[in-house]
Each structure stands twice: as C-alpha cells, then as structure tokens.
Amino acid sequence: MSDPTATRPLPRWLSYEQTNGPLPERTDVLVIGGGIAGTALAFYLARGGVDVALVERGELNREASGTNAGSFHIQLAIHQLPAAGSPTADTERLLEEARLNLAAYEVWNALDEELDVPLGVHLTGGWMVAETEEQLQVLHDKRVLERQAGIETEVVTGAELRRRAPFLAPDLAGASYCPQEGHANPLIAAPAYALRAHEHGATIRTHVAVQAIERRPGGGFRVTTSAGEIDAQRIVNCAGAWAGDQARLAGLRLPVRREGLHVNVTERRARLLDPMVQHIGRRLTLKQSSDDTFIIGGGWPTPAAPPPRRYPTTWESAAGNTAVALRVIPALADVRVVRTWSGVIVFTDDLSPVVGGSTLVPGYHACVASTGFTLSPLLARRLADQLLDPTGTPPFPPAYDPDRRMTAGRTTP
Amino acid sequence: MDREHHDVLVVGGGPAGLSAATVAARHGLDVALVEERVTLGGQVHKQPGPGIVVRDPAAMGREYREGRALIDAAEASGATIMTSTAVVAVEGDAVVLVPDGGRARTVRARRLVLAPGAHDRPVAFPGWTLPGVLTAGGMQTIVKAQRVLPGRRVVFAGAGPLALAFPAQLLGYGAGIRTVLEAGPPPRIGDLLRIAGAAPGNRHLLQDAVRYRAALLRERVPLRYRRIVVRAEGDGRVEQVTHAAVDADWRPIAGSEEREPADVLCLGYGFVPSIELLRLAGCDFDFDEQLGGYVVRRDDWLRTSRPHVLAAGDGTGVEGSVVAVAEGRIAGLGAALDLGAIDAATAEREAAPARRLRGRRQALTRALRRMHDVGPGVFELTTPETTVCRCESVTAARLAETIDGTRDINVVKALTRAGMGPCQGRSCQRQVAAMIARRHRQPLGAVELATPRMPVRPVPIGALADDAVTGRTLFMRQDGDADVPAGELADE
C-alpha cells in the first residue's frame, strides 16, 4: 500500500508561539474545542471571511479526533443497530445515517486537495464478519438498507470468503464487504485545518480553558477563560466528549455523554491485510496500519478520570478485545501487543449528531458527533455555511437539534 | 480469570525485592516475589545464566556471594518465588503476570512492593546506534551472565562511581580497555574530606574505589576526567570514537576533540530508575537528576502516595545495592506493619539498622554529588540526522520540528512515533524531554512524561486474549441516568 504522506512532505504545523499568543478582546464567532470539528469550523468560517477565534483547553487534536484509529465507517455497524438487533426496526434513522456517512466520505475524498495537505486518505475496503447464522442474517438485512442509501456492500460466505479474505478464521458464518471503506491519518487532519484556518486569519489559541459564559443583554456573550475575557457574538461548542460540560456553562443541557474507549496496538508485522475488519455481533474494529502495526479496538470501555489525566486503559478490555480479534484472525496469536491507549468519545443516546443553533440560547451553537472523525468535515462545513448565510442555507434536520429532548434513549418529537 | 491472592506481592528479584520478600515472609505473611529474568539477584548481583555451574563461590567475587546470600535467604523464608515472569500491568490491587511462554493471569495482593531496579541512562549522539556501542548494563549482562568479552579495543565513557568500578572489573575478566573517560572532574581535596566525613561505615566502598583506581593504573589504562564521547563512526560497526573535553555543564569545548580507534564503546552515564510500573500504579513523583530523574515520593516506611504500594531500591532513585537491601528490609517491615503482622515498636526496632545503613549511604551519595552531577550538555550531542528513537527510527530533526509546535511530550510521541516501539520510550524519552526543555526554556523536571500505558512489556495476543471477558455493554444508556433531562435549560 502506498502512503502519500511518504512521498509528499507535510507542511510545517503552527509553532507554539503562534497558538499561545494573547487572546483577542472580541470576535464574531468563538469556537470552543481544538479537535477536528473545531479546527474544521474555524477553517471554513475564516475562509468565508468571518472573524473567528478558536480556544482549546489543552493541545490541538489530543482527544477523540487524534486518538481514534482514523477509520471511515461507511457500512452500518454494531453500535448503530437498535438494541433489538434487527436493522429493519429503525429503518428511517439507519437510512439517514448511511447517507450521512457516504456524504461525509465524499468531503473527505476532496479534503486532501482542499487543504493542500496529504491526509493519508486510503480506500482499503472493509469486512464486517458474522460468527453465527443470526449475525449473518443481520448482514443480509442491513445490506438492503445500505443499497437504498447508495452504499455498495455484498455478503460473502464459504469458499469465496476464504479465497478473498484468507486471513479470516475459516469457520466464520460469513462477512459483508464494502469497497468504500478506508481511513485517513487522524494525526494530520486537525493540525492541517488549524494551519489553514490560521492562514485565513483565524486566531487559534491552545491552553485556554473556558470557565464561564455570560449572555449579554444586547445579544452575544462575554466569555471568561483561563487567559482572560473575550466577547463573542456567536459561540460554537465543538468540545466533543466535554460538550455537555461546556453547554452547561451557557445554561444548556445537550443530549450527550462521554465514554472512554480502549485501543490496543501491536508490534509491526509483515503485511497481512489491507481492509478494515469489524464484527457485526461483537465489539471489534481491526486494521493493519500503514506502519504495519495492528490497531485493535471497537468499543471496549475504560474507566473515567478527571482532566488533565488521560483515561486509564484496563487489562480486562485488552483481554476481551484481543480475544475477539484472535477469534476472527487466528494468525494474530503470536503478535505482541506493545501498547494500549484510550480515547474519550462523545455519545448521544439517540445516535444522531448534535449540530446547529439553539433556540433556547440564541447565538449558541454546537457541532458534535460520535463518529466525529468521519463526520466532522461534512458537519463543520454545513454549519459554517449556515453561520455565513443563516437564511440562504437549508437547516439541519430536526433530529440534530441541540435543544431536542431525550427520553429513555430515543428522541421524542 | 483465575484469582490468586497474596498478602504481599514483591515485584523485582534484585537486592531490594529479595530482602523485602524475606523480611515480610519471616513475619508470617503470604509473600510472592516475581522476577522477569531467568535468575534472581538483579543487575549488580547478577548470577550466571542457566547452564553455568558455580564450583568455587570464593572465586566469583563479593558481589556474586552477597547476591547468593540474599537469594538463599529469600528461598528459605517461605516466599513463593516466580522467575521468568513479567509484570505487565498494575491496576489497583491487581497485578497482571505473564510467565515466559505462558498465559497472562491476574494476581491480587493487599500490599505491593515494587522494586523494579534501574536501567542505563540513555545518551544519544551521532553513531550511538552503531553495533559495538553498548551500555554498561548491557555489557555487564554479556560478561557476567554469558562470560563473553565483546571486544578487543574498548573505550569506556561515563560518569559516576561505576565509571571506575566497571572498567576495573572488566580488566579482571581480561578485557582490552584502551581509555576510560569520566565526564566529571577529578576528585579534589574538599571532595575527599567530604567522602571521609561520610565514610564511617562506608569504608569498604572507599577501599573498592582505591582498588579500582589501582587496577587501572597497573594496566596503564589512561583515565581522563572531564571528557565525554561526542561521536562514534564506522562502516557497519564502531571503528572509531571521538571524545572531547567538556565544561562544568558537560558541554564540549571547541578544539578539544580527539579521535581514537575502538571496536567497542561502552557507555556508563549512570542509571535511571525503571519507573513504568510505579507510574502505572498512579504514584506521585519528584524530580532529581542525580538520583536518575523522576523519583517516586515515599514516606518513612517507603509507602508511595498510593497507600497499598511500597517501593524500594534503585527503581526509586539510584543509590546502589547497599541502600537497596536496606530499603527492601524497611519496605518489607512497612508492609508487615500495615498488615498487622508486627506492632509499631517491633517494626521500628527491626528497621533501625537498615535505616542507619541507608542514612550513611545517602550521606556518601551527597558527598559525591559535585563529582558526578549530570550535566545538561550530555543531552545536547545529537545532530539533526541523529536517530533519537531507535525503535521507530525518529531523527532529532523530525523531533525538533514537532517540538516547535508543542511542549507536550504526548503530542510529540503521537506525531513522531518516538517512544511507541517495543521499548516504550525507555531509551528516547529522556532525550525528547531534554529537547522540549531546551526549546521551551523549561527545567528538565518540568517536562511531564508521556502517559503511562500497559502493557509495560510486549505481550503476545495468544497470552493476553481471554474469551471469558465480555465487559459491560457500551453505547447503551446506563441505569441511573435514564431520567437526565436533556434539551432543557440547566438549573445553574
């Protein structure tokens, strides 16, 4: 597999001094959070001529945006399915999500050129395996939906599966294949957005924590930060896993919570597989990175820890996660895990992103999504369009409304 | 997962671990000791490897005999001893063990005594990754455990007490040492007086020092103070080394370079504590470069900031095997006291000799400080092309470019991969931290180390995977927050 980052050099990222200068006294849009959503939004706004300042309490790209495995999830996955298990129970939402994933991927495919930075975007295809006949049926069911949404998937079994994916355990019930899946380098996208945003005049500030938000009588906000006060006409909460805490400062409750995820990485090994491998019934996302290490995750939990501490990883998650990996790819038995890490993701109980303006707190916006790495370029661009031209741009669907009310894990109309 | 419980689990089979296990077991506690190597004894008391039978212990030297005595005592104490078993994770009172070739298992203990020892202070300079460049610890392993001499023309460069002791020992094994370079200054009258003042009870150490010096003189090995190696060169392996005079900060003085042929360059810039497990356990740290950098904070009974974790020996600050033995006893007694196996008066009485010994040795360490202060110049020898992280082949230039944008070592690690390889940053992290400190004008101790992550040793997936673990279901709303109203104005 060729890695474009190896042939085209990366630009020089922003220097420490460029991201640690004084805070401006006022800005039109204040973006809170320096992950991929915040940096993308700062870029699209600055490019559109908006006065924008971004504040990040730590370093850019250090939370979910930079700690995820960089996969584009296109085919429907285990975490999107309704608890009942069958995709047919929640058709409308799944169709909408499938279309959104596809649209996001199209933005990604043009992003390399848009930012003029090699982002390591690769189309590798992806397998979703089934161990049991019931799981195989789920693959068939979701394939119908995926086809409707324009996602190409096929279900492969038996000798053909063994021929096309010889690394998979021979006794799996089957697997679905999606040629549109792939990945990008999660360490590059947000710094690239930040660099280009800065070049378009955005102010990017790291090590600035938002501590209080006061609504000003004439509209707009006075924001108190660890680096002083800043007045902003509009605010966009791009704080990802910590978006709920941030919203509370403005008096809002967002329908979000956070979860720590455990990831394992192995030593480098001779190339075994290019496509991503997932499991429709158990928690597994696996791929061999361009460094030839295996990255094994898929939703195993970590305990929480207060910032600035990172969430710890646990032996139990490592043992459970690698057991699924070993069941699916037996050749991994003698491959050594050298490290684990944690990423903290934002999670919405109704599984929809939280994007757009609040009507409860006018001028306050959010741009938050669980699969933020895949979705943020698309969502940030659409939100920027709305902020640039509030009347001429179609609004986000009601399902994304930051003010939506949640009960028992599903939205109520 | 099977569950194995002990009163005390001691990690590390060196002098500190052995004496901690011995003392705790003698007081009736159920003690287990884990050592990742095949043999017990640690670095200084390293025992010959499997297959080597010792017929004449007297001929093996004092360090071997002292080590043997510690091992014999531990084996007789009733403690369960597991060698060839790596500790790869610590979570609360649980420790994950991986026996060589076996499956991982979790062991719980009411008290953990961590005695992980130390490793060579890594130093990077052009050519340091060439074959033939060895650390003192690595060379010691080769010579002591395998009885092999790795070269004919050895240049030894280092600092600290070992800079004399180790080459002298090597001479005893018949090694061809051409030059010994000591980065520190020659001893002055004042130093000698201070050492003499600290000497009662340390006399045999001074005698050793004199003996080492004499051995070098006898073999006409030039001993040159205030010089460090700045470069190693060769076609496929070391053929030539360049050394230079340095100032008090160990920064090379222009025009003082000398070249000399060598087939082995042995580096002994002191040791740094192996702190991975202590960091994983969540203990608090202080910074003291002379003790090896990041040193764990402890109380009188060597308890860390984590109440069930005690720590002893060179892994807590490098002070040598005598202090390690004393600390092992104190920690063993501290664990026995905490678990109610002895009363406070007994613990104090039994700890008194060890405390006195430890105090004396620490006085000597302080007396030696001026001579062996580690200068920052030793971390500034790289050129842009020099590989700093050898596991992931990351150059100083690549690191410098990244460090320009951040002072967070985690970001540097993520962007460059420095420290992501099998050694988990043990070789490069200090160098990277020094680069950050220099670029951002911070003291070295102010640079936070990368987030500690398990496993601290690589573990095969076959040994780690456990089908019995299912874990709680993620992505499902947990009981208890079902009624959190969303989409409403919050109260505050």
# chains A, B, ... in the order shown; residues from 1 in each chain; ligands from 1

$ select_by_dssp --residues "range 19-199 of chain B" --states "alpha helix (DSSP H)" --output "VMD selection string"
chain B and resid 19 to 26 62 to 76 136 to 140 146 162 to 172 189 to 198

$ write_last_selection --atoms "N, CA and C atoms" --output "short mmCIF file (atom, residue, chain, number, x, y, z; two decimals), in the first residue's frame"
data_model
loop_
_atom_site.label_atom_id
_atom_site.label_comp_id
_atom_site.auth_asym_id
_atom_site.auth_seq_id
_atom_site.Cartn_x
_atom_site.Cartn_y
_atom_site.Cartn_z
N SER B 19 15.22 -8.77 49.68
CA SER B 19 15.20 -8.55 51.13
C SER B 19 13.80 -8.18 51.62
N ALA B 20 13.02 -7.47 50.79
CA ALA B 20 11.64 -7.18 51.20
C ALA B 20 10.84 -8.46 51.36
N ALA B 21 10.98 -9.37 50.39
CA ALA B 21 10.23 -10.63 50.45
C ALA B 21 10.67 -11.45 51.66
N THR B 22 11.97 -11.49 51.90
CA THR B 22 12.49 -12.28 53.02
C THR B 22 11.91 -11.78 54.34
N VAL B 23 11.99 -10.47 54.56
CA VAL B 23 11.54 -9.90 55.83
C VAL B 23 10.03 -10.12 56.01
N ALA B 24 9.24 -9.84 54.97
CA ALA B 24 7.79 -9.98 55.11
C ALA B 24 7.40 -11.43 55.34
N ALA B 25 8.05 -12.36 54.64
CA ALA B 25 7.72 -13.78 54.79
C ALA B 25 8.12 -14.28 56.18
N ARG B 26 9.24 -13.80 56.69
CA ARG B 26 9.69 -14.23 58.03
C ARG B 26 8.70 -13.79 59.11
N ARG B 62 32.85 -10.69 45.48
CA ARG B 62 31.98 -10.38 46.60
C ARG B 62 30.53 -10.16 46.15
N GLU B 63 30.38 -9.51 44.98
CA GLU B 63 29.02 -9.22 44.55
C GLU B 63 28.21 -10.49 44.30
N TYR B 64 28.87 -11.48 43.71
CA TYR B 64 28.18 -12.74 43.49
C TYR B 64 27.78 -13.36 44.82
N ARG B 65 28.73 -13.39 45.78
CA ARG B 65 28.46 -14.05 47.05
C ARG B 65 27.36 -13.34 47.84
N GLU B 66 27.42 -12.00 47.83
CA GLU B 66 26.36 -11.26 48.54
C GLU B 66 25.00 -11.54 47.90
N GLY B 67 24.99 -11.59 46.59
CA GLY B 67 23.75 -11.88 45.88
C GLY B 67 23.24 -13.26 46.22
N ARG B 68 24.15 -14.22 46.24
CA ARG B 68 23.77 -15.61 46.55
C ARG B 68 23.14 -15.67 47.95
N ALA B 69 23.73 -14.92 48.89
CA ALA B 69 23.21 -14.93 50.27
C ALA B 69 21.79 -14.36 50.32
N LEU B 70 21.55 -13.30 49.57
CA LEU B 70 20.20 -12.71 49.54
C LEU B 70 19.19 -13.70 48.95
N ILE B 71 19.63 -14.40 47.91
CA ILE B 71 18.73 -15.36 47.25
C ILE B 71 18.44 -16.54 48.19
N ASP B 72 19.51 -17.04 48.83
CA ASP B 72 19.33 -18.17 49.75
C ASP B 72 18.35 -17.80 50.86
N ALA B 73 18.49 -16.56 51.38
CA ALA B 73 17.61 -16.13 52.47
C ALA B 73 16.16 -16.05 51.98
N ALA B 74 15.97 -15.52 50.79
CA ALA B 74 14.60 -15.40 50.26
C ALA B 74 14.00 -16.77 50.04
N GLU B 75 14.80 -17.68 49.49
CA GLU B 75 14.29 -19.04 49.22
C GLU B 75 13.95 -19.76 50.52
N ALA B 76 14.72 -19.48 51.59
CA ALA B 76 14.47 -20.14 52.87
C ALA B 76 13.33 -19.49 53.65
N ALA B 136 26.76 0.08 29.80
CA ALA B 136 27.46 -0.67 30.85
C ALA B 136 26.60 -1.84 31.32
N GLY B 137 25.30 -1.60 31.45
CA GLY B 137 24.40 -2.66 31.90
C GLY B 137 24.37 -3.82 30.91
N GLY B 138 24.30 -3.47 29.62
CA GLY B 138 24.27 -4.49 28.59
C GLY B 138 25.57 -5.29 28.58
N MET B 139 26.69 -4.58 28.72
CA MET B 139 27.98 -5.25 28.71
C MET B 139 28.13 -6.13 29.94
N GLN B 140 27.63 -5.63 31.08
CA GLN B 140 27.67 -6.41 32.31
C GLN B 140 26.93 -7.73 32.13
N GLN B 146 26.95 -14.36 30.58
CA GLN B 146 27.34 -15.26 29.49
C GLN B 146 28.83 -15.50 29.41
N LEU B 162 30.50 4.14 38.91
CA LEU B 162 30.71 2.99 38.04
C LEU B 162 31.78 3.24 37.00
N ALA B 163 32.02 4.53 36.68
CA ALA B 163 33.00 4.84 35.64
C ALA B 163 34.36 4.27 36.00
N LEU B 164 34.62 4.09 37.28
CA LEU B 164 35.86 3.45 37.68
C LEU B 164 35.66 1.96 37.93
N ALA B 165 34.59 1.64 38.61
CA ALA B 165 34.41 0.26 39.07
C ALA B 165 34.26 -0.70 37.90
N PHE B 166 33.45 -0.32 36.93
CA PHE B 166 33.14 -1.28 35.89
C PHE B 166 34.33 -1.61 35.00
N PRO B 167 35.08 -0.58 34.51
CA PRO B 167 36.25 -0.93 33.71
C PRO B 167 37.25 -1.77 34.49
N ALA B 168 37.39 -1.49 35.78
CA ALA B 168 38.32 -2.28 36.58
C ALA B 168 37.88 -3.73 36.63
N GLN B 169 36.57 -3.93 36.78
CA GLN B 169 36.05 -5.31 36.78
C GLN B 169 36.32 -5.98 35.43
N LEU B 170 36.10 -5.21 34.36
CA LEU B 170 36.29 -5.79 33.02
C LEU B 170 37.74 -6.21 32.83
N LEU B 171 38.66 -5.39 33.38
CA LEU B 171 40.07 -5.75 33.28
C LEU B 171 40.29 -7.11 33.92
N GLY B 172 39.59 -7.32 35.03
CA GLY B 172 39.69 -8.59 35.73
C GLY B 172 39.25 -9.75 34.86
N ILE B 189 40.59 17.90 47.05
CA ILE B 189 40.77 17.70 48.50
C ILE B 189 39.43 17.79 49.23
N GLY B 190 38.65 18.82 48.88
CA GLY B 190 37.36 19.02 49.55
C GLY B 190 36.45 17.81 49.40
N ASP B 191 36.45 17.24 48.19
CA ASP B 191 35.61 16.05 47.97
C ASP B 191 36.07 14.91 48.85
N LEU B 192 37.40 14.74 48.90
CA LEU B 192 37.94 13.63 49.68
C LEU B 192 37.58 13.80 51.15
N LEU B 193 37.64 15.08 51.63
CA LEU B 193 37.29 15.32 53.03
C LEU B 193 35.82 14.99 53.26
N ARG B 194 34.99 15.41 52.32
CA ARG B 194 33.56 15.12 52.48
C ARG B 194 33.29 13.62 52.45
N ILE B 195 33.98 12.95 51.55
CA ILE B 195 33.79 11.50 51.48
C ILE B 195 34.27 10.86 52.77
N ALA B 196 35.44 11.36 53.26
CA ALA B 196 35.97 10.81 54.52
C ALA B 196 34.98 11.05 55.65
N GLY B 197 34.36 12.25 55.64
CA GLY B 197 33.38 12.56 56.68
C GLY B 197 32.19 11.63 56.63
N ALA B 198 31.86 11.21 55.43
CA ALA B 198 30.71 10.32 55.28
C ALA B 198 31.13 8.87 55.38
#

$ interface_residues --of "chain A" --to "chain B" --cutoff "8 Å" --atoms "only C-alpha atoms" --output "MDAnalysis selection string"
chainID A and resid 12:17 59 62 79 187 248 251:255 267 299:301 310 312:324 326 332:341 347 349 360 402:409

$ write_last_selection --atoms "C-alpha atoms" --output "PDB file, in the first residue's frame"
ATOM      1  CA  ARG A  12       5.198  22.866   8.973  1.00  0.00           C
ATOM      2  CA  TRP A  13       2.481  22.974  11.664  1.00  0.00           C
ATOM      3  CA  LEU A  14       1.718  26.068  13.713  1.00  0.00           C
ATOM      4  CA  SER A  15       4.509  26.936  16.134  1.00  0.00           C
ATOM      5  CA  TYR A  16       3.976  27.046  19.861  1.00  0.00           C
ATOM      6  CA  GLU A  17       4.153  30.842  19.776  1.00  0.00           C
ATOM      7  CA  GLU A  59      -3.328  20.842  22.840  1.00  0.00           C
ATOM      8  CA  ARG A  62      -5.474  15.413  21.616  1.00  0.00           C
ATOM      9  CA  HIS A  79     -23.214   0.428  17.540  1.00  0.00           C
ATOM     10  CA  LEU A 187      -2.916  12.927  13.478  1.00  0.00           C
ATOM     11  CA  ARG A 248     -23.864  23.848  30.940  1.00  0.00           C
ATOM     12  CA  GLY A 251     -27.148  27.209  30.773  1.00  0.00           C
ATOM     13  CA  LEU A 252     -27.901  24.461  28.264  1.00  0.00           C
ATOM     14  CA  ARG A 253     -28.117  20.710  28.588  1.00  0.00           C
ATOM     15  CA  LEU A 254     -27.011  18.870  25.466  1.00  0.00           C
ATOM     16  CA  PRO A 255     -28.250  15.313  24.936  1.00  0.00           C
ATOM     17  CA  GLU A 267       4.376  -4.566  17.107  1.00  0.00           C
ATOM     18  CA  GLY A 299     -15.754  -0.109  21.684  1.00  0.00           C
ATOM     19  CA  TRP A 300     -14.205  -1.707  24.769  1.00  0.00           C
ATOM     20  CA  PRO A 301     -14.586   0.531  27.803  1.00  0.00           C
ATOM     21  CA  ARG A 310      -5.990  10.579  30.456  1.00  0.00           C
ATOM     22  CA  PRO A 312      -6.596   4.658  32.013  1.00  0.00           C
ATOM     23  CA  THR A 313      -6.707   1.514  29.896  1.00  0.00           C
ATOM     24  CA  THR A 314      -7.633  -1.784  31.524  1.00  0.00           C
ATOM     25  CA  TRP A 315      -6.345  -5.286  31.305  1.00  0.00           C
ATOM     26  CA  GLU A 316      -9.874  -6.610  31.099  1.00  0.00           C
ATOM     27  CA  SER A 317     -10.657  -4.612  27.967  1.00  0.00           C
ATOM     28  CA  ALA A 318      -7.332  -5.636  26.440  1.00  0.00           C
ATOM     29  CA  ALA A 319      -8.045  -9.305  27.177  1.00  0.00           C
ATOM     30  CA  GLY A 320     -11.640  -9.188  25.905  1.00  0.00           C
ATOM     31  CA  ASN A 321     -10.906  -7.107  22.837  1.00  0.00           C
ATOM     32  CA  THR A 322      -7.961  -9.227  21.683  1.00  0.00           C
ATOM     33  CA  ALA A 323      -9.973 -12.402  22.289  1.00  0.00           C
ATOM     34  CA  VAL A 324     -12.478 -11.251  19.645  1.00  0.00           C
ATOM     35  CA  LEU A 326      -7.988 -13.697  17.779  1.00  0.00           C
ATOM     36  CA  LEU A 332      -2.609 -12.900  15.480  1.00  0.00           C
ATOM     37  CA  ALA A 333      -1.770 -15.409  18.263  1.00  0.00           C
ATOM     38  CA  ASP A 334       1.953 -14.713  18.366  1.00  0.00           C
ATOM     39  CA  VAL A 335       1.734 -10.999  17.537  1.00  0.00           C
ATOM     40  CA  ARG A 336       2.672  -8.948  20.587  1.00  0.00           C
ATOM     41  CA  VAL A 337       0.653  -6.064  21.940  1.00  0.00           C
ATOM     42  CA  VAL A 338       3.124  -3.309  22.760  1.00  0.00           C
ATOM     43  CA  ARG A 339       0.838  -0.544  23.933  1.00  0.00           C
ATOM     44  CA  THR A 340      -2.710   0.458  24.690  1.00  0.00           C
ATOM     45  CA  TRP A 341      -4.314   3.853  24.689  1.00  0.00           C
ATOM     46  CA  PHE A 347     -22.060   9.752  22.682  1.00  0.00           C
ATOM     47  CA  ASP A 349     -28.302   8.248  23.167  1.00  0.00           C
ATOM     48  CA  LEU A 360     -33.160  28.361  23.958  1.00  0.00           C
ATOM     49  CA  PRO A 402     -29.199  20.735  20.169  1.00  0.00           C
ATOM     50  CA  ASP A 403     -32.416  21.535  22.063  1.00  0.00           C
ATOM     51  CA  ARG A 404     -34.036  18.170  21.434  1.00  0.00           C
ATOM     52  CA  ARG A 405     -35.488  16.388  24.407  1.00  0.00           C
ATOM     53  CA  MET A 406     -34.416  12.848  25.136  1.00  0.00           C
ATOM     54  CA  THR A 407     -36.284  10.152  26.963  1.00  0.00           C
ATOM     55  CA  ALA A 408     -35.240   6.581  27.520  1.00  0.00           C
ATOM     56  CA  GLY A 409     -32.572   6.706  24.880  1.00  0.00           C
TER      57      GLY A 409
END

$ atom_distance --atom1 "CA of His308 in chain B" --atom2 "CA of Ser84 in chain B"
24.8 Å

$ closest_residue --among "A:Asn101, A:Gln180, A:Ser342, A:Gln75" --to "Glu146 in chain A" --atoms "only C-alpha atoms"
A:Gln75

$ atom_distance --atom1 "CA of Val155 in chain B" --atom2 "CA of Gly174 in chain B"
14.2 Å

$ residues_around --residues "Leu30 in chain A" --least-positions-apart "3" --cutoff "7 Å" --atoms "only C-alpha atoms" --output "list in words"
Thr27, Val52, Ala53, Leu54, Ala232, Arg234, Ile235 and Val236 of chain A

$ residues_around --residues "Gly12 in chain B" --least-positions-apart "2" --cutoff "8 Å" --atoms "only C-alpha atoms" --output "ChimeraX atom specification"
/B:10,14,16-18,33-36,42,114-117

$ residues_around --residues "Pro376 in chain B" --least-positions-apart "4" --cutoff "8 Å" --atoms "only C-alpha atoms" --output "PyMOL selection string"
chain B and resi 249-251+380

$ write_last_selection --atoms "C-alpha atoms" --output "PDB file, in the first residue's frame"
ATOM      1  CA  ASP B 249      27.805  21.563  32.270  1.00  0.00           C
ATOM      2  CA  TRP B 250      29.308  18.763  30.196  1.00  0.00           C
ATOM      3  CA  ARG B 251      29.228  20.934  27.074  1.00  0.00           C
ATOM      4  CA  GLU B 380      22.728  18.083  23.512  1.00  0.00           C
TER       5      GLU B 380
END

$ residues_around --residues "Glu92 in chain A" --least-positions-apart "4" --cutoff "12 Å" --atoms "only C-alpha atoms" --output "PyMOL selection string"
chain A and resi 81-82+87-88+96-99+145-146+148-149+399

$ write_last_selection --atoms "N, CA and C atoms" --output "CSV table (one decimal), in the first residue's frame"
chain,number,residue,atom,x,y,z
A,81,LEU,N,-26.9,-0.2,15.3
A,81,LEU,CA,-28.2,-1.0,15.3
A,81,LEU,C,-29.0,-0.8,16.5
A,82,PRO,N,-30.3,-0.9,16.4
A,82,PRO,CA,-31.2,-0.8,17.5
A,82,PRO,C,-30.9,-1.9,18.5
A,87,PRO,N,-31.9,-4.5,11.9
A,87,PRO,CA,-31.8,-3.2,11.3
A,87,PRO,C,-33.2,-2.8,10.8
A,88,THR,N,-34.1,-3.7,10.6
A,88,THR,CA,-35.4,-3.4,10.0
A,88,THR,C,-36.2,-2.6,11.0
A,96,GLU,N,-30.9,7.4,7.0
A,96,GLU,CA,-30.3,8.7,7.1
A,96,GLU,C,-28.8,8.7,7.5
A,97,GLU,N,-28.5,7.8,8.5
A,97,GLU,CA,-27.1,7.7,8.9
A,97,GLU,C,-26.2,7.2,7.8
A,98,ALA,N,-26.7,6.2,7.0
A,98,ALA,CA,-26.0,5.7,5.9
A,98,ALA,C,-25.7,6.7,4.9
A,99,ARG,N,-26.7,7.5,4.6
A,99,ARG,CA,-26.5,8.6,3.6
A,99,ARG,C,-25.5,9.7,4.1
A,145,LEU,N,-30.7,-2.1,3.3
A,145,LEU,CA,-30.7,-0.7,3.7
A,145,LEU,C,-29.6,0.1,3.0
A,146,GLU,N,-28.4,-0.5,3.1
A,146,GLU,CA,-27.2,0.1,2.6
A,146,GLU,C,-27.4,0.4,1.1
A,148,GLN,N,-30.1,0.9,-0.5
A,148,GLN,CA,-31.0,2.0,-0.7
A,148,GLN,C,-30.3,3.3,-0.5
A,149,ALA,N,-29.4,3.4,0.4
A,149,ALA,CA,-28.7,4.6,0.7
A,149,ALA,C,-27.5,4.9,-0.3
A,399,ALA,N,-33.7,16.1,13.8
A,399,ALA,CA,-33.0,15.0,14.6
A,399,ALA,C,-31.7,15.5,15.2
